[in-house]
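Dumped upload24.cif below, it's mmCIF, C-alpha atoms:
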data_run
#
loop_
_atom_site.label_atom_id
_atom_site.label_comp_id
_atom_site.auth_asym_id
_atom_site.auth_seq_id
_atom_site.Cartn_x
_atom_site.Cartn_y
_atom_site.Cartn_z
CA MET A 1475 176.83 -103.97 -1.59
CA LYS A 1476 179.10 -106.80 -2.81
CA LEU A 1477 179.95 -110.24 -1.46
CA HIS A 1478 183.58 -110.63 -0.40
CA HIS A 1479 185.70 -113.55 0.74
CA SER A 1480 188.25 -113.60 3.53
CA PRO A 1481 191.78 -114.07 2.15
CA ILE A 1482 193.09 -114.64 5.67
CA TYR A 1483 191.01 -116.90 7.84
CA GLN A 1484 192.77 -118.56 10.70
CA VAL A 1485 191.21 -120.86 13.24
CA THR A 1486 193.27 -121.96 16.21
CA TYR A 1487 192.23 -123.84 19.31
CA GLY A 1488 193.50 -123.61 22.84
CA GLY A 1489 193.01 -125.78 25.88
CA GLY A 1490 190.96 -128.89 26.01
CA TYR A 1491 188.65 -129.17 28.98
CA PHE A 1492 185.75 -131.23 30.31
CA SER A 1493 186.17 -134.42 28.29
CA HIS A 1494 182.91 -136.15 27.37
CA GLN A 1495 180.78 -133.67 29.34
CA THR A 1496 179.24 -131.76 26.46
CA ALA A 1497 175.66 -131.92 27.72
CA GLU A 1498 176.52 -130.96 31.28
CA LEU A 1499 178.68 -127.98 30.36
CA ASN A 1500 176.39 -126.77 27.59
CA TYR A 1501 173.39 -126.76 29.96
CA TYR A 1502 175.48 -125.01 32.62
CA LEU A 1503 176.47 -122.30 30.14
CA HIS A 1504 172.89 -122.07 28.86
CA ASP A 1505 171.52 -121.62 32.38
CA ASN A 1506 174.14 -119.05 33.40
CA CYS A 1507 174.83 -117.14 30.17
CA HIS A 1508 171.47 -116.26 28.64
CA GLY A 1509 173.01 -114.66 25.55
CA ALA A 1510 174.84 -117.85 24.58
CA HIS A 1511 174.14 -119.21 21.12
CA PHE A 1512 174.32 -122.97 20.54
CA ASP A 1513 174.76 -124.38 17.02
CA GLY A 1514 173.38 -127.89 16.82
CA GLU A 1515 170.20 -129.89 17.00
CA SER A 1516 169.94 -129.26 20.74
CA ILE A 1517 171.80 -127.58 23.56
CA GLU A 1518 172.80 -131.01 24.79
CA THR A 1519 174.63 -131.94 21.60
CA ALA A 1520 175.73 -128.52 20.30
CA GLU A 1521 179.38 -128.61 19.28
CA HIS A 1522 179.75 -124.87 18.65
CA VAL A 1523 178.89 -122.25 21.28
CA GLU A 1524 179.22 -118.47 21.11
CA ILE A 1525 179.00 -116.64 24.43
CA PRO A 1526 179.19 -112.88 24.97
CA ARG A 1527 182.47 -112.13 26.71
CA ALA A 1528 180.67 -109.98 29.32
CA GLU A 1529 178.41 -112.88 30.27
CA LEU A 1530 181.42 -115.10 30.98
CA ALA A 1531 182.81 -112.37 33.21
CA ASN A 1532 179.43 -112.23 34.97
CA LEU A 1533 179.52 -116.02 35.35
CA ILE A 1534 182.80 -115.72 37.25
CA ALA A 1535 181.12 -113.21 39.57
CA LYS A 1536 178.12 -115.57 40.02
CA ILE A 1537 180.48 -118.41 40.92
CA CYS A 1538 182.24 -116.25 43.51
CA TYR A 1539 178.97 -114.95 44.96
CA ASN A 1540 177.14 -118.33 45.05
CA HIS A 1541 180.12 -120.54 45.80
CA ARG A 1542 178.15 -123.38 47.41
CA GLU A 1543 175.54 -123.56 44.66
CA HIS A 1544 178.13 -123.85 41.89
CA GLU A 1545 180.29 -126.24 43.91
CA GLN A 1546 177.26 -128.49 44.37
CA TRP A 1547 176.56 -128.32 40.64
CA LEU A 1548 180.11 -129.53 39.93
CA LYS A 1549 179.63 -132.48 42.30
CA ASP A 1550 176.14 -133.35 41.06
CA ASN A 1551 177.30 -133.40 37.44
CA GLY A 1552 180.57 -135.26 37.95
CA ILE A 1553 182.72 -132.36 36.80
CA ASN A 1554 186.24 -133.14 37.93
CA CYS A 1555 187.54 -129.69 38.84
CA THR A 1556 187.34 -127.22 41.69
CA LEU A 1557 185.56 -123.87 41.47
CA ASP A 1558 188.95 -122.16 41.46
CA GLU A 1559 189.97 -124.27 38.45
CA MET A 1560 186.65 -123.46 36.78
CA ILE A 1561 187.27 -119.73 37.26
CA VAL A 1562 190.78 -120.10 35.80
CA ILE A 1563 189.38 -121.95 32.76
CA ILE A 1564 186.66 -119.35 32.12
CA SER A 1565 189.21 -116.56 32.60
CA ARG A 1566 191.47 -118.26 30.07
CA TRP A 1567 188.58 -118.43 27.59
CA ILE A 1568 188.07 -114.69 27.99
CA ALA A 1569 191.75 -113.76 27.84
CA GLU A 1570 192.87 -116.07 25.04
CA SER A 1571 189.89 -115.71 22.71
CA ASP A 1572 189.87 -113.34 19.76
CA GLN A 1573 189.71 -109.91 21.39
CA ARG A 1574 188.32 -108.38 18.19
CA ASN A 1575 184.97 -110.00 18.99
CA ASP A 1576 182.51 -109.35 21.80
CA TYR A 1577 181.99 -113.09 22.18
CA VAL A 1578 183.99 -116.21 22.93
CA VAL A 1579 183.68 -119.25 20.65
CA LEU A 1580 183.82 -122.69 22.24
CA THR A 1581 184.00 -125.82 20.10
CA TRP A 1582 183.64 -129.45 21.15
CA PHE A 1583 185.65 -132.02 19.18
#
Represent the structure contained in this file as structure tokens.
Amino acid sequence: MKLHHSPIYQVTYGGGYFSHQTAELNYYLHDNCHGAHFDGESIETAEHVEIPRAELANLIAKICYNHREHEQWLKDNGINCTLDEMIVIISRWIAESDQRNDYVVLTWF
């Protein structure tokens, strides 16, 4: 076995959502996507999150099934979007992320 480098490594970013709500969204993802991995000192301050694609799809189903619960969470946490907008955003994460991976990478900056 040998160590190799990647001659082509491209990082691109799309969107830009939930300004200054890192803690709220990270805890929401942590509570609803149990396979999520948070890089940082704590979930609250993690700036890099990897979430299995299937768990994000399941989150959309949870939102649709428990509409009132998730709508209340948005209100309680000051998240300025509707559940329909939240579903569109999560769907965009799934669709626009690198399809070669089984996970979606989210980065706060």
Using only C-alpha atoms, find the one residue out of A:Ala1528, A:Leu1580, A:Ile1534, A:Ala1569 that sits nearest to Thr1496 in chain A.
->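 Among the listed residues, the smallest separation from Thr1496 in chain A belongs to A:Leu1580.
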Residues selected by the PyMOL selection byres ((chain A and resi 1542-1553) around 12), written as a VMD selection string = chain A and resid 1491 to 1503 1505 to 1506 1533 to 1541 1554 to 1561
Can you work out the spacing between CA of Thr1519 in chain A and CA of Gln1573 in chain A in Å, to one decimal?
-> 26.7 Å
With the file shown as input, list the residues that the PyMOL selection byres ((chain A and resi 1488) around 9) selects, as a list in words.
->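 Checking the PyMOL selection byres ((chain A and resi 1488) around 9) against this file, the residues are Thr1486, Tyr1487, Gly1489, Gly1490, Trp1567, Glu1570 and Ser1571 of chain A.
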Mind pulling up the distance from CA of Glu1515 in chain A to CA of Val1562 in chain A?
->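 We find that CA of Val1562 in chain A and CA of Glu1515 in chain A lie 29.5 Å from each other.
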Figure out the distance between CA of Ala1510 in chain A and CA of Thr1581 in chain A, please, to one decimal in Å.
->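 Spanning CA of Thr1581 in chain A to CA of Ala1510 in chain A is a straight-line distance of 12.9 Å.
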Find the residue from A:Ile1563, A:Leu1530, A:Ile1568, A:Val1579 that sits nearest to Asp1513 in chain A; use all atoms listed in the file when measuring.
-> A:Val1579
Taking (179.6, -116.1, 20.8) in the file's own coordinates, collect the residues within 6 Å, counting all atoms listed in the file, and hand them back as JSON, numbers by chain.
-> {"A": [1524, 1525, 1526, 1577, 1578, 1579]}
